[in-house]
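J.: The following block contains the structure, expressed as structure tokens.
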Amino acid sequence: MTDTTEKAAAFRATAGAAPAAPAPAPPRARVLRTVTPWLFLIAPLALLITFTYAPIANMVAYSFTDWDGVSPELHYTGVVNYAEIFTREDLFQVFFVSGYYLAASVVQIVAALYFATVLSFNVRFRNFFKGVLFFPYLINGVAIGFVFLYFFQDGGTLDSLLSLLGHHTDHAWLGTSTSANTSLAGVSVWRYMGLNFVLFLGAIQSIPGELYEAAELDGANRWHQFRHIIAPSIKPVISLTVILSISGSLSVFEIPYIMTGGATGTETFVIQTIKLAFQFNKTGLASAAAVVLLLIILAVTWLQRRLVPDDKVDLV
Amino acid sequence: MSRRIAARTLVYLSLITASAVVLLPLGVVFLTSLKTSKEMADDSGKLTLPDNPLNFDNYVTAFQDGRMLSAFGNTALILLFAIGGTVLIGSMTAYAIDRFSFRFKKLVVALFLIAALVPGVTTQVATFQIVNSFGMFDSLWAPIALYMGTDIVSIYIFLQFVRSIPVSLDESARLDGANAFTIYRKIIFPLLKPAIATVVIVKGITTYNDFYIPFLYMPSEDLGVISTSLFRFRGPFAAHWETISAGAVLVILPTLIVFLCLQRFIYNGFTKGATR
């Protein structure tokens, strides 16, 4: 008990939040009870507010100004920045680049579903295949960028492989906008497919085995089993993956930044925002762009929650 | 019956093709890292084996000229503080939210929930100003504070786990005179070991691989972490793919070793982290 009072006293001394006058024992216990959870939460909440909510609030405020990020002067400009994002063609262009990654995530999800289903059945070397398919997700993004720069390079891995197969080409894979974006989106599939695959595999393996046995007795083949047992049971995971893919496609940064630096029309929304903010000192415009991206992502998430009532959201 | 065999063959064929697609780009980079610059100039194609499979010169160059040693040191420091902080903060938050009822609890939970939806990349424009105003720009503290402060996923993982610890344990300790801090330190925290392991692995790998935050906040060459140091290989070694390859292999190797040793935990951890 002495320990408790000491702690309470110490807290009062440091935080100065509790009443100054020494209170009699029962109210003191009550004060302690109300204060204890906040003692545990004070550091996490301080960090959360400083590094998540304060930036959001500032960002919204900057987005209505012409601030350059350094000078003490800034002017309120209203919605000029927002108008600029949606009317200047070179700024709006980045949304089309997201389209490549969005298309790639469709390929990625289908492939992940296929491999998860196949490997949930009895297959030889299952752990080997599972490991190989998942490993790219763990690799450092810069390393992946270099591996694939070498892969797509003139006379690099891909060209050597193709010439080995008797197809000589001098196609510059990262040379034109379409080809470069397709190649980069391909790298993104290579990198992230493993995560989706492991998520799906985990969900499929939690389906009770009796269901398959019963279905087999009824004469269902593999396709029927997938269609009527697997697909419905892993719907929540699929919907989650779709949302993650959409917000992921909009916030692509690492692979294109490392591999092309945003050249030849591969600039994504985040690369553009970073360049606006830190190279061209257009903090106001960059903030507006970031707010737009944030709103789109929140809207997509909200839409998903509405369309697919998720019983997995059970925080408290 | 023959249809079944054909189907099985196709399944294996698809698995082998996929494995080749994953392994080929990595394998070629590994082979390249063992070649000499003379071999590289020969232009005999990228799929050939190196003349001397034990030629580690490029690794020495990458380590010395590429400053990989100090990069590994900086990364280790950041990992230590960021993971320690995340574990402490995550478990404290989970304990407070699960075991106490207090005013504004709903609001606090909502703050954490909504923050989980905000992608970190979008807010960096403004976060940068805040980090800068604390004088943390271009110091190891910037990434440490950011990794500690914005990890909602680990709070989820801890929360799920705290909930599974019976409240009766807390109560019997309380009857013995333990206060909330003793209960957290002596009962909850030790029982959280599996959750801590998960968070350490997931947080460790994502921190090790992160490029964006160190790139933005630590431009000094002395403060390079493995991602940014490897990224800087582009300049001085631009034409020397054998050195860049060696650097890439050096960065991938620790991940591979950790993955091979802790496979089961890693699958579990990332599944929990993503589905929260």
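Residue numbering restarts at 1 in every chain; chains get A, B, ... in the order shown in the structure tokens, and ligands count up from 1 in that same order.
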Could you pull the residues within 10 Å of Ala215 (chain A), counting only C-alpha atoms, minus those fewer than 4 positions along the same chain, as a list in words?
T.: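 Listed by chain and then number, they are Glu210, Leu211, Gly219, Ala220, Asn221, Arg222, His224, Gln225, His228 and Ile229 of chain A.
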J.: Write down, as a ChimeraX atom specification, each residue of chain B that has any atom within 6 Å of an atom of chain A, counting only C-alpha atoms.
T.: /B:45-46,89,92-93,96,122,126-127,149,209,227,248,271
J.: In Å, how far is it from CA of Ile213 (chain B) to CA of Lys275 (chain A)?
T.: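 Separation between CA of Ile213 (chain B) and CA of Lys275 (chain A): 14.9 Å.
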J.: May I have all residues of region 88-196 of chain A that DSSP, computed from the backbone, assigns to alpha helix (DSSP H), given as an MDAnalysis selection string?
T.: chainID A and resid 89:92 94:120 126:134 141:152 157:164 177:196
J.: Could those selected residues go to a file with C-alpha atoms, as a PDB file, in the first residue's frame?
T.:
ATOM      1  CA  GLU A  89      -2.656  17.883 -66.568  1.00  0.00           C
ATOM      2  CA  ASP A  90       0.921  17.085 -65.547  1.00  0.00           C
ATOM      3  CA  LEU A  91      -0.172  16.823 -61.911  1.00  0.00           C
ATOM      4  CA  PHE A  92      -3.258  14.775 -62.642  1.00  0.00           C
ATOM      5  CA  VAL A  94      -0.052  10.376 -61.770  1.00  0.00           C
ATOM      6  CA  PHE A  95      -3.523   8.907 -61.271  1.00  0.00           C
ATOM      7  CA  PHE A  96      -3.169   7.091 -64.597  1.00  0.00           C
ATOM      8  CA  VAL A  97       0.075   5.537 -63.382  1.00  0.00           C
ATOM      9  CA  SER A  98      -1.856   4.123 -60.422  1.00  0.00           C
ATOM     10  CA  GLY A  99      -3.979   2.314 -62.990  1.00  0.00           C
ATOM     11  CA  TYR A 100      -1.026   0.079 -63.929  1.00  0.00           C
ATOM     12  CA  TYR A 101      -0.544  -0.923 -60.310  1.00  0.00           C
ATOM     13  CA  LEU A 102      -4.264  -1.437 -59.832  1.00  0.00           C
ATOM     14  CA  ALA A 103      -4.337  -3.785 -62.823  1.00  0.00           C
ATOM     15  CA  ALA A 104      -1.250  -5.512 -61.449  1.00  0.00           C
ATOM     16  CA  SER A 105      -2.938  -6.103 -58.111  1.00  0.00           C
ATOM     17  CA  VAL A 106      -5.767  -7.928 -59.871  1.00  0.00           C
ATOM     18  CA  VAL A 107      -3.187 -10.274 -61.398  1.00  0.00           C
ATOM     19  CA  GLN A 108      -1.513 -10.505 -58.011  1.00  0.00           C
ATOM     20  CA  ILE A 109      -4.686 -11.455 -56.116  1.00  0.00           C
ATOM     21  CA  VAL A 110      -5.729 -14.042 -58.696  1.00  0.00           C
ATOM     22  CA  ALA A 111      -2.267 -15.622 -58.677  1.00  0.00           C
ATOM     23  CA  ALA A 112      -2.174 -15.606 -54.879  1.00  0.00           C
ATOM     24  CA  LEU A 113      -5.592 -17.266 -54.718  1.00  0.00           C
ATOM     25  CA  TYR A 114      -4.503 -19.921 -57.199  1.00  0.00           C
ATOM     26  CA  PHE A 115      -1.285 -20.789 -55.359  1.00  0.00           C
ATOM     27  CA  ALA A 116      -2.966 -20.708 -51.945  1.00  0.00           C
ATOM     28  CA  THR A 117      -5.647 -23.125 -53.110  1.00  0.00           C
ATOM     29  CA  VAL A 118      -3.159 -25.433 -54.808  1.00  0.00           C
ATOM     30  CA  LEU A 119      -0.829 -25.509 -51.815  1.00  0.00           C
ATOM     31  CA  SER A 120      -3.633 -26.067 -49.326  1.00  0.00           C
ATOM     32  CA  ARG A 126       4.854 -27.738 -50.035  1.00  0.00           C
ATOM     33  CA  ASN A 127       6.984 -25.851 -47.506  1.00  0.00           C
ATOM     34  CA  PHE A 128       9.645 -25.189 -50.106  1.00  0.00           C
ATOM     35  CA  PHE A 129       7.159 -23.671 -52.544  1.00  0.00           C
ATOM     36  CA  LYS A 130       5.472 -21.715 -49.772  1.00  0.00           C
ATOM     37  CA  GLY A 131       8.806 -20.293 -48.648  1.00  0.00           C
ATOM     38  CA  VAL A 132       9.938 -19.384 -52.154  1.00  0.00           C
ATOM     39  CA  LEU A 133       6.665 -17.643 -52.991  1.00  0.00           C
ATOM     40  CA  PHE A 134       6.643 -15.661 -49.746  1.00  0.00           C
ATOM     41  CA  GLY A 141      13.021  -2.662 -51.344  1.00  0.00           C
ATOM     42  CA  VAL A 142      16.300  -1.095 -52.462  1.00  0.00           C
ATOM     43  CA  ALA A 143      17.792  -4.537 -53.059  1.00  0.00           C
ATOM     44  CA  ILE A 144      14.705  -5.493 -55.084  1.00  0.00           C
ATOM     45  CA  GLY A 145      15.049  -2.287 -57.072  1.00  0.00           C
ATOM     46  CA  PHE A 146      18.657  -3.098 -57.978  1.00  0.00           C
ATOM     47  CA  VAL A 147      17.905  -6.746 -58.706  1.00  0.00           C
ATOM     48  CA  PHE A 148      15.286  -5.674 -61.226  1.00  0.00           C
ATOM     49  CA  LEU A 149      17.270  -2.805 -62.684  1.00  0.00           C
ATOM     50  CA  TYR A 150      19.788  -5.476 -63.586  1.00  0.00           C
ATOM     51  CA  PHE A 151      16.983  -7.743 -64.752  1.00  0.00           C
ATOM     52  CA  PHE A 152      15.506  -5.196 -67.178  1.00  0.00           C
ATOM     53  CA  THR A 157      18.920 -10.937 -67.135  1.00  0.00           C
ATOM     54  CA  LEU A 158      15.688 -10.774 -69.119  1.00  0.00           C
ATOM     55  CA  ASP A 159      17.390 -10.168 -72.464  1.00  0.00           C
ATOM     56  CA  SER A 160      19.918 -12.946 -71.789  1.00  0.00           C
ATOM     57  CA  LEU A 161      17.102 -15.314 -70.892  1.00  0.00           C
ATOM     58  CA  LEU A 162      15.133 -14.430 -74.009  1.00  0.00           C
ATOM     59  CA  SER A 163      18.147 -14.884 -76.265  1.00  0.00           C
ATOM     60  CA  LEU A 164      18.757 -18.252 -74.626  1.00  0.00           C
ATOM     61  CA  SER A 177       6.226   4.999 -70.482  1.00  0.00           C
ATOM     62  CA  THR A 178       3.955   2.019 -71.108  1.00  0.00           C
ATOM     63  CA  SER A 179       6.726  -0.538 -71.051  1.00  0.00           C
ATOM     64  CA  ALA A 180       8.368   0.982 -67.967  1.00  0.00           C
ATOM     65  CA  ASN A 181       5.155   1.161 -65.984  1.00  0.00           C
ATOM     66  CA  THR A 182       4.236  -2.388 -66.938  1.00  0.00           C
ATOM     67  CA  SER A 183       7.681  -3.610 -65.908  1.00  0.00           C
ATOM     68  CA  LEU A 184       7.522  -1.765 -62.594  1.00  0.00           C
ATOM     69  CA  ALA A 185       4.022  -3.040 -61.891  1.00  0.00           C
ATOM     70  CA  GLY A 186       5.361  -6.531 -62.633  1.00  0.00           C
ATOM     71  CA  VAL A 187       8.064  -6.025 -60.011  1.00  0.00           C
ATOM     72  CA  SER A 188       5.372  -4.978 -57.570  1.00  0.00           C
ATOM     73  CA  VAL A 189       3.498  -8.250 -58.223  1.00  0.00           C
ATOM     74  CA  TRP A 190       6.752 -10.163 -57.725  1.00  0.00           C
ATOM     75  CA  ARG A 191       7.279  -8.425 -54.411  1.00  0.00           C
ATOM     76  CA  TYR A 192       3.826  -8.449 -52.839  1.00  0.00           C
ATOM     77  CA  MET A 193       2.156 -11.578 -54.177  1.00  0.00           C
ATOM     78  CA  GLY A 194       3.675 -13.627 -51.339  1.00  0.00           C
ATOM     79  CA  LEU A 195       1.895 -11.704 -48.602  1.00  0.00           C
ATOM     80  CA  ASN A 196      -1.524 -12.140 -50.209  1.00  0.00           C
TER      81      ASN A 196
END
J.: Give me, as a VMD selection string, all polymer residues having an atom no more than 8 Å from Asp138 (chain B), counting only C-alpha atoms and skipping those fewer than 3 positions away in the same chain.
T.: chain B and resid 142 217 to 220 223
J.: Can you tell me, as a VMD selection string, what residues are no more than 12 Å from Phe259 (chain B) when counting only C-alpha atoms, ignoring any on the same chain fewer than 2 positions away?
T.: (chain A and resid 131 to 132 134 to 139) or (chain B and resid 201 to 202 204 to 205 252 to 257 261 to 267 269)
J.: Give me a file of those residues, with C-alpha atoms, as a CSV table (one decimal), in the first residue's frame.
T.:
chain,number,residue,atom,x,y,z
A,131,GLY,CA,8.8,-20.3,-48.6
A,132,VAL,CA,9.9,-19.4,-52.2
A,134,PHE,CA,6.6,-15.7,-49.7
A,135,PHE,CA,10.3,-14.7,-49.5
A,136,PRO,CA,10.3,-11.7,-51.9
A,137,TYR,CA,7.9,-9.9,-49.5
A,138,LEU,CA,10.7,-9.9,-46.9
A,139,ILE,CA,13.4,-8.5,-49.1
B,201,ILE,CA,9.9,-10.2,-35.8
B,202,VAL,CA,7.4,-8.2,-37.8
B,204,GLY,CA,12.3,-5.9,-37.0
B,205,ILE,CA,11.9,-6.9,-40.6
B,252,ILE,CA,19.3,-9.8,-48.5
B,253,LEU,CA,21.5,-12.4,-46.7
B,254,PRO,CA,20.5,-11.5,-43.1
B,255,THR,CA,16.8,-11.6,-44.1
B,256,LEU,CA,17.2,-15.0,-45.7
B,257,ILE,CA,18.9,-16.4,-42.6
B,261,CYS,CA,15.4,-20.0,-38.9
B,262,LEU,CA,12.0,-18.5,-37.9
B,263,GLN,CA,9.7,-19.4,-40.8
B,264,ARG,CA,6.7,-20.4,-38.7
B,265,PHE,CA,6.8,-17.3,-36.6
B,266,ILE,CA,7.2,-15.1,-39.6
B,267,TYR,CA,4.2,-16.5,-41.4
B,269,GLY,CA,3.4,-12.7,-37.5
J.: Could you tell me which of B:Phe63, B:Ile114, B:Phe137, B:Phe100 comes closest to Ala180 (chain B) if we count only C-alpha atoms?
T.: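 Ranking B:Phe63, B:Ile114, B:Phe137, B:Phe100 by distance to Ala180 (chain B), first place goes to B:Phe100.
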J.: Please report the interatomic distance between CA of Gly84 (chain B) and CA of Phe161 (chain B) in Å with one decimal.
T.: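 These two atoms are separated by 18.0 Å.
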J.: Any idea what's packed within 6 Å of region 28-39 of chain B, counting only C-alpha atoms, ignoring anything in its chain fewer than 3 positions away? Could you give it as a list in words?
T.: Pro25, Asp42, Pro50, Asn55, Glu242, Ser245 and Ala246 of chain B
J.: Which residue gives the smallest distance to Arg174 (chain B) among B:Val225, B:Thr123, B:Lys186, B:Phe237, with only C-alpha atoms counted?
T.: B:Lys186
J.: Could you check how far CA of Ile255 (chain A) sits from CA of Gln279 (chain A), in Å to one decimal?
T.: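 We find that CA of Ile255 (chain A) and CA of Gln279 (chain A) lie 19.4 Å from each other.
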J.: List the spatial neighbours of Leu169 (chain B) as a PDB file with C-alpha atoms, in the first residue's frame - criterion: any atom at most 12 Å away, only C-alpha atoms, same-chain residues fewer than 4 positions off excluded.
T.:
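For reference, result_17.pdb as written:
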ATOM      1  CA  ARG B  99      -8.006  -3.859 -18.151  1.00  0.00           C
ATOM      2  CA  VAL B 162      -3.866  -9.323 -23.306  1.00  0.00           C
ATOM      3  CA  SER B 164      -6.665 -13.902 -23.630  1.00  0.00           C
ATOM      4  CA  ILE B 165      -4.915 -13.566 -20.242  1.00  0.00           C
ATOM      5  CA  ALA B 173      -2.371 -10.411  -7.435  1.00  0.00           C
ATOM      6  CA  ARG B 174      -4.342  -7.343  -6.402  1.00  0.00           C
ATOM      7  CA  LEU B 175      -5.581  -9.189  -3.297  1.00  0.00           C
ATOM      8  CA  ASP B 176      -1.943  -9.860  -2.459  1.00  0.00           C
ATOM      9  CA  ALA B 178       0.035  -5.603  -5.942  1.00  0.00           C
ATOM     10  CA  ILE B 183       0.622  -6.402 -12.175  1.00  0.00           C
ATOM     11  CA  TYR B 184       1.732  -5.086 -15.569  1.00  0.00           C
ATOM     12  CA  LYS B 186       5.226  -9.031 -13.021  1.00  0.00           C
ATOM     13  CA  ILE B 187       2.174 -10.729 -14.556  1.00  0.00           C
ATOM     14  CA  ILE B 188       1.022  -9.285 -17.864  1.00  0.00           C
ATOM     15  CA  LEU B 191       2.836 -13.650 -20.152  1.00  0.00           C
TER      16      LEU B 191
END
